[in-house]
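Visitor: Just so it is clear, I am handing over final05.txt, which has compact mmCIF, C-alpha atoms and all ligand atoms.
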```
# COMPACT_ATOMS: atom_id res chain seq x y z
CA MET V 1 29.21 -26.31 5.69
CA GLY V 2 30.81 -23.71 3.50
CA SER V 3 29.01 -20.90 1.79
CA MET V 4 25.47 -22.02 2.68
CA GLU V 5 26.03 -21.91 6.44
CA ARG V 6 25.32 -18.18 6.73
CA TYR V 7 21.99 -18.52 5.04
CA ASN V 8 20.95 -21.55 7.05
CA ALA V 9 21.93 -19.79 10.27
CA PHE V 10 19.76 -16.86 9.24
CA LEU V 11 16.75 -19.13 8.79
CA ARG V 12 17.35 -20.84 12.16
CA GLN V 13 17.50 -17.43 13.81
CA ARG V 14 14.17 -16.51 12.18
CA ASP V 15 12.71 -19.80 13.46
CA ARG V 16 13.81 -19.04 17.03
CA ALA V 17 12.28 -15.56 16.88
CA ALA V 18 9.05 -16.86 15.28
CA THR V 19 9.62 -14.48 12.39
CA ARG V 20 10.41 -16.91 9.58
CA ARG V 21 8.23 -16.31 6.56
CA ALA V 22 7.07 -18.63 3.80
CA PRO V 23 4.35 -18.25 1.19
CA VAL V 24 1.23 -20.38 1.69
CA ALA V 25 -0.35 -21.62 -1.55
CA LEU V 26 -4.10 -21.09 -1.75
CA ARG V 27 -6.96 -21.66 -4.12
CA ARG V 28 -9.37 -18.77 -4.55
CA LEU V 29 -13.01 -19.75 -4.56
CA GLY V 30 -14.28 -16.23 -5.21
CA GLN V 31 -16.14 -13.82 -2.94
CA GLY V 32 -13.23 -13.61 -0.54
CA LYS V 33 -13.15 -17.35 0.19
CA ILE V 34 -9.90 -19.31 0.00
CA VAL V 35 -8.73 -22.88 0.57
CA PRO V 36 -5.14 -23.80 1.48
CA ALA V 37 -3.86 -25.88 -1.44
CA SER V 38 -2.30 -28.39 0.95
CA GLY V 39 -5.40 -29.10 3.05
CA PRO V 40 -8.82 -30.70 2.55
CA ALA V 41 -10.98 -29.07 -0.14
CA ASP V 42 -13.70 -28.15 2.35
CA ALA V 43 -11.40 -26.22 4.71
CA VAL V 44 -12.72 -22.90 3.44
CA LEU V 45 -11.36 -19.71 5.00
CA ILE V 46 -12.59 -16.15 4.82
CA ASP V 47 -9.71 -14.02 3.64
CA PHE V 48 -8.95 -10.99 5.82
CA SER V 49 -5.54 -10.33 4.36
CA SER V 50 -6.35 -9.21 0.84
CA ASN V 51 -6.06 -5.63 -0.41
CA ASP V 52 -8.86 -6.24 -2.92
CA TYR V 53 -10.87 -3.67 -0.92
CA LEU V 54 -13.60 -3.00 -3.48
CA ALA V 55 -13.76 -6.63 -4.61
CA LEU V 56 -12.94 -5.48 -8.13
CA THR V 57 -10.76 -8.50 -8.97
CA GLU V 58 -14.01 -10.36 -9.66
CA HIS V 59 -16.00 -7.51 -11.14
CA PRO V 60 -17.56 -8.37 -14.53
CA ALA V 61 -16.43 -5.04 -16.04
CA LEU V 62 -12.76 -5.74 -15.29
CA ILE V 63 -12.97 -9.34 -16.44
CA ALA V 64 -14.70 -8.34 -19.69
CA ALA V 65 -12.27 -5.50 -20.47
CA SER V 66 -9.29 -7.67 -19.67
CA GLY V 67 -10.62 -10.63 -21.66
CA LYS V 68 -11.32 -8.49 -24.70
CA LEU V 69 -7.79 -7.13 -24.81
CA LEU V 70 -6.32 -10.55 -24.12
CA ALA V 71 -8.17 -11.95 -27.14
CA GLU V 72 -7.26 -8.97 -29.35
CA MET V 73 -3.64 -8.38 -28.39
CA GLY V 74 -2.34 -11.53 -26.73
CA THR V 75 -0.64 -12.02 -23.43
CA GLY V 76 2.45 -9.82 -23.26
CA ALA V 77 3.40 -6.26 -24.23
CA GLY V 78 6.62 -7.56 -25.77
CA ALA V 79 8.88 -4.61 -25.05
CA ALA V 80 9.64 -1.71 -22.75
CA ARG V 81 7.57 1.44 -23.04
CA LEU V 82 10.22 3.43 -24.92
CA MET V 83 10.74 0.59 -27.39
CA SER V 84 7.59 -0.83 -28.97
CA GLY V 85 5.80 -1.46 -25.65
CA THR V 86 3.59 1.63 -25.53
CA LEU V 87 0.07 0.85 -26.67
CA GLU V 88 -2.78 3.30 -26.99
CA ILE V 89 -4.32 1.82 -23.85
CA HIS V 90 -1.20 2.61 -21.79
CA GLN V 91 -1.63 6.25 -22.73
CA GLN V 92 -5.35 6.11 -22.16
CA LEU V 93 -4.72 4.71 -18.68
CA GLU V 94 -2.32 7.57 -18.02
CA GLN V 95 -4.81 10.18 -19.19
CA GLU V 96 -7.59 8.77 -17.06
CA THR V 97 -5.29 8.44 -14.06
CA ALA V 98 -4.39 12.12 -14.40
CA LEU V 99 -8.13 12.85 -14.51
CA LEU V 100 -8.73 10.84 -11.33
CA LYS V 101 -5.87 12.60 -9.55
CA GLY V 102 -6.52 16.07 -10.89
CA THR V 103 -3.01 16.45 -12.32
CA GLU V 104 -1.70 17.45 -15.75
CA ALA V 105 -0.20 14.06 -16.42
CA ALA V 106 0.49 10.58 -15.11
CA LEU V 107 2.93 7.78 -15.80
CA VAL V 108 2.30 4.05 -15.44
CA PHE V 109 4.91 1.71 -13.94
CA GLY V 110 5.07 -2.09 -13.75
CA SER V 111 4.30 -2.11 -10.01
CA GLY V 112 4.27 0.12 -6.96
CA TYR V 113 7.65 -1.20 -5.95
CA LEU V 114 9.08 -0.30 -9.34
CA ALA V 115 7.48 3.15 -9.23
CA ASN V 116 9.02 4.02 -5.88
CA ILE V 117 12.50 2.69 -6.61
CA GLY V 118 12.45 4.41 -10.00
CA VAL V 119 11.02 7.80 -9.13
CA ILE V 120 12.90 8.62 -5.91
CA PRO V 121 16.43 8.26 -7.38
CA ALA V 122 15.32 10.29 -10.40
CA LEU V 123 14.29 13.18 -8.15
CA VAL V 124 17.16 13.44 -5.68
CA ASP V 125 20.84 12.53 -5.45
CA ARG V 126 23.91 13.01 -3.23
CA ARG V 127 23.46 16.76 -3.03
CA ASP V 128 19.99 16.38 -1.57
CA VAL V 129 18.07 15.23 1.47
CA ILE V 130 15.03 13.00 1.99
CA PHE V 131 12.71 13.33 4.99
CA CYS V 132 10.99 10.00 5.34
CA ASP V 133 8.22 8.89 7.72
CA ARG V 134 9.61 6.02 9.79
CA LEU V 135 6.77 3.69 8.81
CA ASN V 136 7.05 4.20 5.07
CA HIS V 137 6.87 1.09 2.88
CA ALA V 138 10.02 -0.91 2.11
CA SER V 139 9.90 0.13 -1.56
CA ILE V 140 10.23 3.78 -0.46
CA TYR V 141 13.26 2.98 1.67
CA ASP V 142 14.82 1.05 -1.19
CA GLY V 143 14.22 4.02 -3.48
CA CYS V 144 15.95 6.27 -0.94
CA LEU V 145 18.96 3.95 -0.78
CA LEU V 146 19.27 3.95 -4.57
CA ALA V 147 19.04 7.74 -4.63
CA GLY V 148 22.08 8.13 -2.37
CA ALA V 149 20.64 11.30 -0.82
CA ARG V 150 20.96 11.93 2.93
CA LEU V 151 18.10 10.00 4.54
CA ILE V 152 16.48 11.57 7.60
CA ARG V 153 13.61 9.70 9.22
CA PHE V 154 10.96 11.43 11.29
CA ARG V 155 8.72 9.82 13.90
CA HIS V 156 5.59 8.35 12.38
CA ASN V 157 3.02 11.07 11.57
CA ASP V 158 4.86 13.48 13.93
CA LEU V 159 5.00 16.80 12.09
CA ASN V 160 6.55 18.59 15.07
CA HIS V 161 9.49 16.23 14.77
CA LEU V 162 9.62 16.79 11.03
CA GLU V 163 9.57 20.56 11.49
CA GLN V 164 12.41 20.40 13.98
CA LEU V 165 14.49 18.32 11.55
CA LEU V 166 13.65 20.66 8.66
CA ARG V 167 14.83 23.65 10.71
CA GLN V 168 18.11 21.94 11.55
CA GLN V 169 18.88 20.32 8.21
CA ARG V 170 17.00 21.80 5.28
CA SER V 171 19.45 24.61 4.46
CA LYS V 172 22.45 22.24 4.24
CA PHE V 173 21.13 20.59 1.09
CA GLN V 174 19.99 21.56 -2.38
CA GLN V 175 16.74 19.72 -3.08
CA ALA V 176 14.67 18.30 -0.22
CA LEU V 177 12.08 15.57 -0.71
CA ILE V 178 9.46 14.67 1.91
CA ILE V 179 7.92 11.19 1.50
CA VAL V 180 4.80 9.93 3.25
CA GLU V 181 1.96 7.49 2.69
CA SER V 182 -1.56 8.84 2.89
CA ILE V 183 -2.99 5.69 4.53
CA TYR V 184 -0.28 3.60 6.21
CA SER V 185 -0.28 0.01 5.11
CA MET V 186 0.39 -1.67 8.46
CA ASP V 187 -1.25 0.79 10.86
CA GLY V 188 -4.17 1.94 8.74
CA ASP V 189 -3.79 5.50 10.01
CA ARG V 190 -3.78 8.71 7.98
CA CYS V 191 -1.08 11.23 7.31
CA PRO V 192 -2.10 14.78 8.31
CA LEU V 193 -1.69 16.00 4.74
CA LYS V 194 -3.05 19.52 5.20
CA GLU V 195 -0.55 20.41 7.91
CA LEU V 196 2.20 18.68 5.97
CA ALA V 197 1.40 20.77 2.90
CA GLY V 198 1.99 23.92 4.94
CA LEU V 199 5.37 22.69 6.18
CA LYS V 200 6.46 21.50 2.78
CA ASN V 201 5.77 24.90 1.24
CA ARG V 202 7.36 26.81 4.09
CA PHE V 203 10.62 24.85 3.81
CA ASN V 204 10.62 24.67 0.03
CA CYS V 205 10.57 20.89 -0.33
CA LEU V 206 9.19 18.47 -2.88
CA LEU V 207 6.42 16.23 -1.56
CA LEU V 208 5.79 12.63 -2.66
CA VAL V 209 2.64 10.94 -1.31
CA ASP V 210 2.16 7.18 -1.70
CA GLU V 211 -1.58 6.48 -2.01
CA ALA V 212 -1.33 2.70 -2.44
CA HIS V 213 -4.04 2.08 0.18
CA ALA V 214 -6.14 5.18 -0.51
CA THR V 215 -6.58 5.23 -4.29
CA GLY V 216 -10.20 4.50 -5.19
CA LEU V 217 -11.35 4.60 -1.57
CA TYR V 218 -11.19 8.22 -0.41
CA GLY V 219 -12.17 11.56 -1.88
CA ALA V 220 -15.46 12.44 -3.57
CA GLY V 221 -14.19 11.10 -6.90
CA GLY V 222 -12.09 8.25 -5.50
CA GLY V 223 -8.83 10.14 -6.07
CA GLY V 224 -7.52 9.33 -2.60
CA LEU V 225 -6.73 11.34 0.52
CA ILE V 226 -5.01 14.03 -1.54
CA GLU V 227 -8.40 14.72 -3.07
CA GLU V 228 -10.29 14.37 0.23
CA ASP V 229 -7.93 16.81 1.98
CA ALA V 230 -7.79 19.10 -1.08
CA VAL V 231 -3.99 19.33 -1.09
CA SER V 232 -3.19 18.41 -4.68
CA ALA V 233 -1.62 21.83 -5.34
CA SER V 234 1.04 21.03 -2.71
CA VAL V 235 1.74 17.44 -3.73
CA ASP V 236 4.46 17.32 -6.38
CA ILE V 237 4.19 13.59 -7.02
CA ALA V 238 1.26 11.38 -6.10
CA MET V 239 1.94 7.68 -6.38
CA GLY V 240 -0.51 4.79 -6.16
CA THR V 241 -1.15 1.27 -7.32
CA PHE V 242 -3.68 -0.48 -9.51
CA SER V 243 -3.12 -3.66 -7.50
CA LYS V 244 -5.09 -2.92 -4.33
CA ALA V 245 -8.53 -1.30 -4.38
CA LEU V 246 -8.41 -1.25 -8.19
CA GLY V 247 -8.17 -5.02 -8.37
CA SER V 248 -5.60 -5.16 -11.15
CA TYR V 249 -1.80 -4.78 -11.28
CA GLY V 250 0.71 -2.00 -11.85
CA ALA V 251 1.13 1.50 -10.49
CA TYR V 252 1.07 5.16 -11.40
CA ILE V 253 2.60 8.45 -10.52
CA ALA V 254 0.61 11.63 -11.16
CA ALA V 255 2.36 14.97 -11.48
CA SER V 256 2.86 18.02 -13.67
CA ARG V 257 3.53 17.50 -17.38
CA PRO V 258 7.18 18.62 -17.15
CA LEU V 259 7.87 16.31 -14.21
CA VAL V 260 6.29 13.34 -16.00
CA ASP V 261 8.31 14.12 -19.15
CA TYR V 262 11.44 14.27 -17.01
CA LEU V 263 10.67 10.90 -15.37
CA VAL V 264 10.11 9.28 -18.77
CA ASN V 265 13.73 10.17 -19.50
CA ARG V 266 15.13 9.48 -16.07
CA ALA V 267 13.28 6.80 -14.08
CA ARG V 268 15.23 3.63 -14.77
CA THR V 269 12.44 1.25 -13.77
CA PHE V 270 10.24 2.91 -16.38
CA ILE V 271 12.89 2.87 -19.10
CA TYR V 272 14.40 -0.58 -18.55
CA SER V 273 11.38 -2.74 -17.72
CA THR V 274 8.79 -4.31 -20.00
CA ALA V 275 5.45 -2.53 -20.36
CA LEU V 276 2.44 -3.98 -18.56
CA PRO V 277 0.47 -6.59 -20.56
CA PRO V 278 -2.57 -5.20 -22.42
CA ALA V 279 -5.04 -7.37 -20.47
CA VAL V 280 -3.72 -5.95 -17.20
CA VAL V 281 -3.99 -2.38 -18.49
CA GLY V 282 -7.55 -3.10 -19.64
CA ALA V 283 -8.53 -4.24 -16.14
CA SER V 284 -6.96 -1.11 -14.60
CA LEU V 285 -8.79 1.14 -17.03
CA ALA V 286 -12.14 -0.54 -16.30
CA ALA V 287 -11.45 -0.20 -12.56
CA LEU V 288 -10.65 3.52 -12.87
CA ARG V 289 -13.96 4.09 -14.63
CA LEU V 290 -15.88 2.18 -11.97
CA VAL V 291 -14.21 4.19 -9.24
CA ARG V 292 -15.17 7.42 -10.99
CA ASN V 293 -18.73 6.45 -11.88
CA GLU V 294 -19.79 4.32 -8.92
CA PRO V 295 -19.07 6.05 -5.61
CA GLY V 296 -21.50 3.55 -4.06
CA LEU V 297 -18.69 0.97 -4.16
CA ARG V 298 -16.57 2.86 -1.63
CA ARG V 299 -19.56 3.89 0.47
CA ASP V 300 -20.46 0.22 0.72
CA LEU V 301 -16.92 -0.66 1.81
CA HIS V 302 -16.82 2.07 4.46
CA GLN V 303 -20.14 0.84 5.89
CA ARG V 304 -18.70 -2.65 6.27
CA VAL V 305 -15.59 -1.25 7.93
CA GLU V 306 -17.75 0.65 10.43
CA LEU V 307 -19.77 -2.46 11.19
CA PHE V 308 -16.63 -4.49 11.97
CA LYS V 309 -15.24 -1.77 14.23
CA LYS V 310 -18.56 -1.38 16.02
CA CYS V 311 -18.68 -5.13 16.72
CA LEU V 312 -15.20 -4.92 18.25
CA SER V 313 -15.99 -1.95 20.47
CA ASP V 314 -19.38 -3.39 21.47
CA GLY V 315 -17.48 -6.53 22.45
CA GLY V 316 -15.25 -4.55 24.79
CA LEU V 317 -12.14 -3.89 22.71
CA THR V 318 -10.90 -0.46 23.76
CA ASP V 319 -8.00 -0.07 21.30
CA ASP V 320 -8.45 2.60 18.67
CA PRO V 321 -9.23 0.68 15.47
CA GLY V 322 -8.04 3.61 13.36
CA PRO V 323 -9.72 5.54 10.57
CA SER V 324 -9.48 3.17 7.60
CA GLN V 325 -10.27 -0.20 6.07
CA ILE V 326 -7.01 -1.55 7.51
CA VAL V 327 -7.72 -2.54 11.10
CA PRO V 328 -4.59 -3.43 13.07
CA ILE V 329 -5.03 -5.36 16.31
CA LEU V 330 -1.82 -4.91 18.27
CA VAL V 331 -0.84 -7.94 20.34
CA GLY V 332 2.85 -7.26 21.14
CA GLU V 333 4.99 -10.38 20.86
CA SER V 334 5.41 -12.19 17.54
CA ARG V 335 4.70 -15.53 19.18
CA ARG V 336 1.30 -14.39 20.49
CA ALA V 337 0.37 -12.88 17.13
CA VAL V 338 1.17 -16.17 15.41
CA ALA V 339 -0.83 -18.14 18.01
CA ILE V 340 -3.89 -15.90 17.63
CA ALA V 341 -3.68 -16.09 13.84
CA ALA V 342 -3.57 -19.90 14.17
CA ALA V 343 -6.60 -19.91 16.50
CA LEU V 344 -8.54 -17.76 14.04
CA ARG V 345 -7.58 -20.04 11.21
CA GLU V 346 -9.07 -22.97 13.12
CA LYS V 347 -12.32 -21.00 13.17
CA GLY V 348 -12.22 -20.29 9.43
CA TYR V 349 -10.54 -16.88 9.21
CA PHE V 350 -7.34 -16.15 7.35
CA VAL V 351 -5.62 -13.19 9.00
CA THR V 352 -1.96 -12.28 8.70
CA ALA V 353 0.20 -11.92 11.75
CA VAL V 354 2.43 -8.99 10.82
CA ARG V 355 5.71 -9.22 12.67
CA PRO V 356 9.10 -7.56 12.85
CA PRO V 357 10.99 -6.69 10.70
CA THR V 358 7.91 -5.51 8.77
CA VAL V 359 6.78 -3.59 11.87
CA PRO V 360 8.80 -2.33 14.90
CA LYS V 361 9.76 -4.78 17.67
CA LYS V 362 7.04 -5.67 20.22
CA THR V 363 4.31 -4.33 17.91
CA ALA V 364 3.40 -7.59 16.23
CA ARG V 365 -0.19 -7.38 15.14
CA LEU V 366 -3.06 -9.01 13.34
CA ARG V 367 -3.89 -7.02 10.31
CA PHE V 368 -7.54 -7.20 9.31
CA SER V 369 -8.16 -5.90 5.87
CA ILE V 370 -11.88 -5.33 5.29
CA THR V 371 -13.18 -5.74 1.75
CA ARG V 372 -16.50 -5.70 -0.09
CA HIS V 373 -16.25 -9.48 -0.24
CA HIS V 374 -17.12 -9.65 3.46
CA ARG V 375 -20.80 -9.98 4.16
CA PRO V 376 -22.17 -8.26 7.30
CA GLU V 377 -22.82 -11.58 9.01
CA GLU V 378 -19.26 -12.72 8.32
CA LEU V 379 -17.90 -9.51 9.81
CA ARG V 380 -19.97 -9.96 12.98
CA GLN V 381 -18.79 -13.54 13.41
CA ALA V 382 -15.16 -12.69 12.66
CA ALA V 383 -15.19 -9.90 15.27
CA ALA V 384 -16.64 -12.32 17.85
CA ALA V 385 -14.02 -14.95 17.01
CA LEU V 386 -11.24 -12.37 17.35
CA LEU V 387 -12.49 -11.20 20.75
CA ARG V 388 -12.57 -14.80 21.99
CA ALA V 389 -9.08 -15.52 20.67
CA LEU V 390 -7.69 -12.38 22.29
CA ALA V 391 -9.11 -13.49 25.63
CA GLU V 392 -7.93 -17.09 25.34
CA VAL V 393 -4.47 -16.79 23.81
CA ARG V 394 -2.06 -15.20 26.27
C1 LIG P 401 1.73 -2.33 -1.88
C2 LIG P 401 2.51 -1.08 -1.70
C3 LIG P 401 3.51 -0.72 -2.60
C4 LIG P 401 3.97 -1.64 -3.68
O1 LIG P 401 3.02 -1.79 -4.67
P1 LIG P 401 3.04 -3.10 -5.61
O2 LIG P 401 2.23 -2.72 -6.79
O3 LIG P 401 2.45 -4.20 -4.80
O4 LIG P 401 4.48 -3.36 -5.95
C5 LIG P 401 4.12 0.50 -2.43
N1 LIG P 401 3.78 1.32 -1.41
C6 LIG P 401 2.86 0.98 -0.50
C7 LIG P 401 2.54 1.91 0.62
C8 LIG P 401 2.21 -0.23 -0.60
O5 LIG P 401 1.31 -0.60 0.32
```
Please re-express this file's structure in structure tokens.
Ligand SMILES: *Cc1c(COP(=O)(O)O)cnc(C)c1O

Guide:
Amino acid sequence: MGSMERYNAFLRQRDRAATRRAPVALRRLGQGKIVPASGPADAVLIDFSSNDYLALTEHPALIAASGKLLAEMGTGAGAARLMSGTLEIHQQLEQETALLKGTEAALVFGSGYLANIGVIPALVDRRDVIFCDRLNHASIYDGCLLAGARLIRFRHNDLNHLEQLLRQQRSKFQQALIIVESIYSMDGDRCPLKELAGLKNRFNCLLLVDEAHATGLYGAGGGGLIEEDAVSASVDIAMGTFSKALGSYGAYIAASRPLVDYLVNRARTFIYSTALPPAVVGASLAALRLVRNEPGLRRDLHQRVELFKKCLSDGGLTDDPGPSQIVPILVGESRRAVAIAAALREKGYFVTAVRPPTVPKKTARLRFSITRHHRPEELRQAAAALLRALAEVR
């Protein structure tokens, strides 16, 4: 008994609700194939839960760039950016990120989580208000908590609701910050950025758009949905990661030069955290160049996504699979989601059952993440296996 009892009770509660989480150790075999470390070596699974959308983690250009810097500069950056941690390649990455995003400047952070919890409190404080899409990522919510501004959540992608809240609340505060994602990580749907840009300007707000799942995948140059929807003039801060489609690690914000200079002096997760290792920066830089120079990579991905969705609709699934590479299959109860994920695993597919509290109650889902690792035949077979499991697991 004693002090541990609370924590044990929490875990038992999670067990009862089928929402307890634990990491599963895997070995990566390459090309999207994985093997659970605890099982037999031939129990190969096709991974449908990775955000390595363009399959760049295994691209020779990233591996070569990363390996070269590893050999030249060693493993760690050794210090924070404002100490001796800033290398030429950090600044090069920032320049090329700004180029990708069409902004004056960019700033690299250790991760997307660190970017969000560093930038948001630097932009707003107790005098201010944040309008936050309900389905925004946990790192955004944590950033809002650290900021101490009034937090007002609007219904997911519902700009009428946002407008109503802006009318009621905007004038009571000094600065107002609207935060959205461009592609939502659990639902795979898009934010209506054009309409949002109008609202944001009308109510004199700052706009922060998290492009974690859009960077490298949308827009003629791979700049994301901000580029595709041509709204960069209305987006004050674009944020994104190097860890998803770009196959590396770390994150960026892209903004005006004065705002970036301000954040260098103000964002605590930039100031007080060690710079990214040179080999990681090298991989990100190589990925940025691929995204700029090889639009065929994202075209190829989008073709695979369309194939998977077509197989599902041809097989009779009537749910809207959404507009992106993230294909959520809503199944309702956590227990059913876990059972379907287990059935798929038996058949050789690794799919995550996303459950509350990550998503709202009764909206547990299987989240299929389509990547360039998946061959057309594998996508056809996976869709068939899913349709069978949906019919058999009640
Ligand atoms: C993944 C993700 C992050 C966090 O990025 P990391 O680099 O993994 O820390 C932030 N926002 C969104 C929307 C994400 O999907």

Visitor: Place a sphere of radius 7 Å on (-17.8, -3.2, -15.7) in the file coordinates and name every protein, DNA or RNA residue with an atom inside or on its surface, counting all atoms listed in the file; give the answer as a ChimeraX atom specification.

Guide: /V:59-62,286,290

Visitor: Write the selection just made, keeping C-alpha atoms, as an mmCIF file, keeping the file's coordinate frame?

Guide:
```cif
data_model
loop_
_atom_site.group_PDB
_atom_site.id
_atom_site.type_symbol
_atom_site.label_atom_id
_atom_site.label_comp_id
_atom_site.auth_asym_id
_atom_site.auth_seq_id
_atom_site.Cartn_x
_atom_site.Cartn_y
_atom_site.Cartn_z
ATOM 1 C CA HIS V 59 -16.000 -7.510 -11.140
ATOM 2 C CA PRO V 60 -17.560 -8.370 -14.530
ATOM 3 C CA ALA V 61 -16.430 -5.040 -16.040
ATOM 4 C CA LEU V 62 -12.760 -5.740 -15.290
ATOM 5 C CA ALA V 286 -12.140 -0.540 -16.300
ATOM 6 C CA LEU V 290 -15.880 2.180 -11.970
#
```

Visitor: Around ligand LIG 401 (chain P), out to 9 Å and counting only C-alpha atoms and all ligand atoms, which residues are there? I want them as an MDAnalysis selection string.

Guide: chainID V and resid 51 109:116 136:140 180:186 210:213 239:244 249:251

Visitor: Looking at V:Leu29, V:Phe131, V:Glu163, V:Val291, which one is nearest to Leu99 of chain V, with distances taken over only C-alpha atoms?

Guide: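 The shortest atom-to-atom distance to Leu99 of chain V comes from V:Val291.
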
Visitor: When you count all atoms listed in the file, which of these residues is closest to Arg335 of chain V: V:Leu263, V:Ala17, V:Val124, V:Val235?

Guide: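 Of the candidates, the smallest distance to Arg335 of chain V is held by V:Ala17.
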
Visitor: Using only C-alpha atoms, what residues lie at most 10 Å away from (-4.6, -13.7, 21.3) (file coordinates), given as a PDB file with C-alpha atoms, in the frame of the given file?

Guide:
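Output file result.pdb is given in full below:
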```pdb
ATOM      1  CA  ILE V 329      -5.030  -5.360  16.310  1.00  0.00           C
ATOM      2  CA  LEU V 330      -1.820  -4.910  18.270  1.00  0.00           C
ATOM      3  CA  VAL V 331      -0.840  -7.940  20.340  1.00  0.00           C
ATOM      4  CA  GLY V 332       2.850  -7.260  21.140  1.00  0.00           C
ATOM      5  CA  ARG V 335       4.700 -15.530  19.180  1.00  0.00           C
ATOM      6  CA  ARG V 336       1.300 -14.390  20.490  1.00  0.00           C
ATOM      7  CA  ALA V 337       0.370 -12.880  17.130  1.00  0.00           C
ATOM      8  CA  VAL V 338       1.170 -16.170  15.410  1.00  0.00           C
ATOM      9  CA  ALA V 339      -0.830 -18.140  18.010  1.00  0.00           C
ATOM     10  CA  ILE V 340      -3.890 -15.900  17.630  1.00  0.00           C
ATOM     11  CA  ALA V 341      -3.680 -16.090  13.840  1.00  0.00           C
ATOM     12  CA  ALA V 342      -3.570 -19.900  14.170  1.00  0.00           C
ATOM     13  CA  ALA V 343      -6.600 -19.910  16.500  1.00  0.00           C
ATOM     14  CA  LEU V 344      -8.540 -17.760  14.040  1.00  0.00           C
ATOM     15  CA  ARG V 365      -0.190  -7.380  15.140  1.00  0.00           C
ATOM     16  CA  LEU V 366      -3.060  -9.010  13.340  1.00  0.00           C
ATOM     17  CA  LEU V 386     -11.240 -12.370  17.350  1.00  0.00           C
ATOM     18  CA  LEU V 387     -12.490 -11.200  20.750  1.00  0.00           C
ATOM     19  CA  ARG V 388     -12.570 -14.800  21.990  1.00  0.00           C
ATOM     20  CA  ALA V 389      -9.080 -15.520  20.670  1.00  0.00           C
ATOM     21  CA  LEU V 390      -7.690 -12.380  22.290  1.00  0.00           C
ATOM     22  CA  ALA V 391      -9.110 -13.490  25.630  1.00  0.00           C
ATOM     23  CA  GLU V 392      -7.930 -17.090  25.340  1.00  0.00           C
ATOM     24  CA  VAL V 393      -4.470 -16.790  23.810  1.00  0.00           C
ATOM     25  CA  ARG V 394      -2.060 -15.200  26.270  1.00  0.00           C
TER      26      ARG V 394
END
```

Visitor: Could you tell me how far atom CA of Leu312 of chain V lies from atom CA of Ala382 of chain V, in Å and to one decimal?

Guide: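 Separation between atom CA of Leu312 of chain V and atom CA of Ala382 of chain V: 9.6 Å.
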
Visitor: For Arg375 of chain V, which residue out of V:Arg304, V:Lys347, V:Arg16, V:Lys200 is the nearest one, using all atoms listed in the file?

Guide: V:Arg304

Visitor: What is the distance, in Å and to one decimal place, between atom CA of Asp128 of chain V and atom CA of Ala149 of chain V?

Guide: 5.2 Å

Visitor: Nearest to Gln92 of chain V among V:Ala41, V:Ala80, V:Val108, V:Cys144, with distances taken over all atoms listed in the file: which residue is it?

Guide: V:Val108

Visitor: Might you pull out every residue within 10 Å of Pro321 of chain V, with only C-alpha atoms counted and same-chain residues fewer than 3 positions away left off, and present them as an NGL selection string?

Guide: :V and (187-189 or 306 or 308-310 or 312-313 or 317-318 or 324-330)

Visitor: For each of V:Ile63, V:Ala55, V:Ile178, V:Ala214, take the minimum atom-to-atom distance to Leu301 of chain V, counting only C-alpha atoms, then give the residue where this is smallest.

Guide: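 Looking only at the distances to Leu301 of chain V, the closest residue turns out to be V:Ala55.
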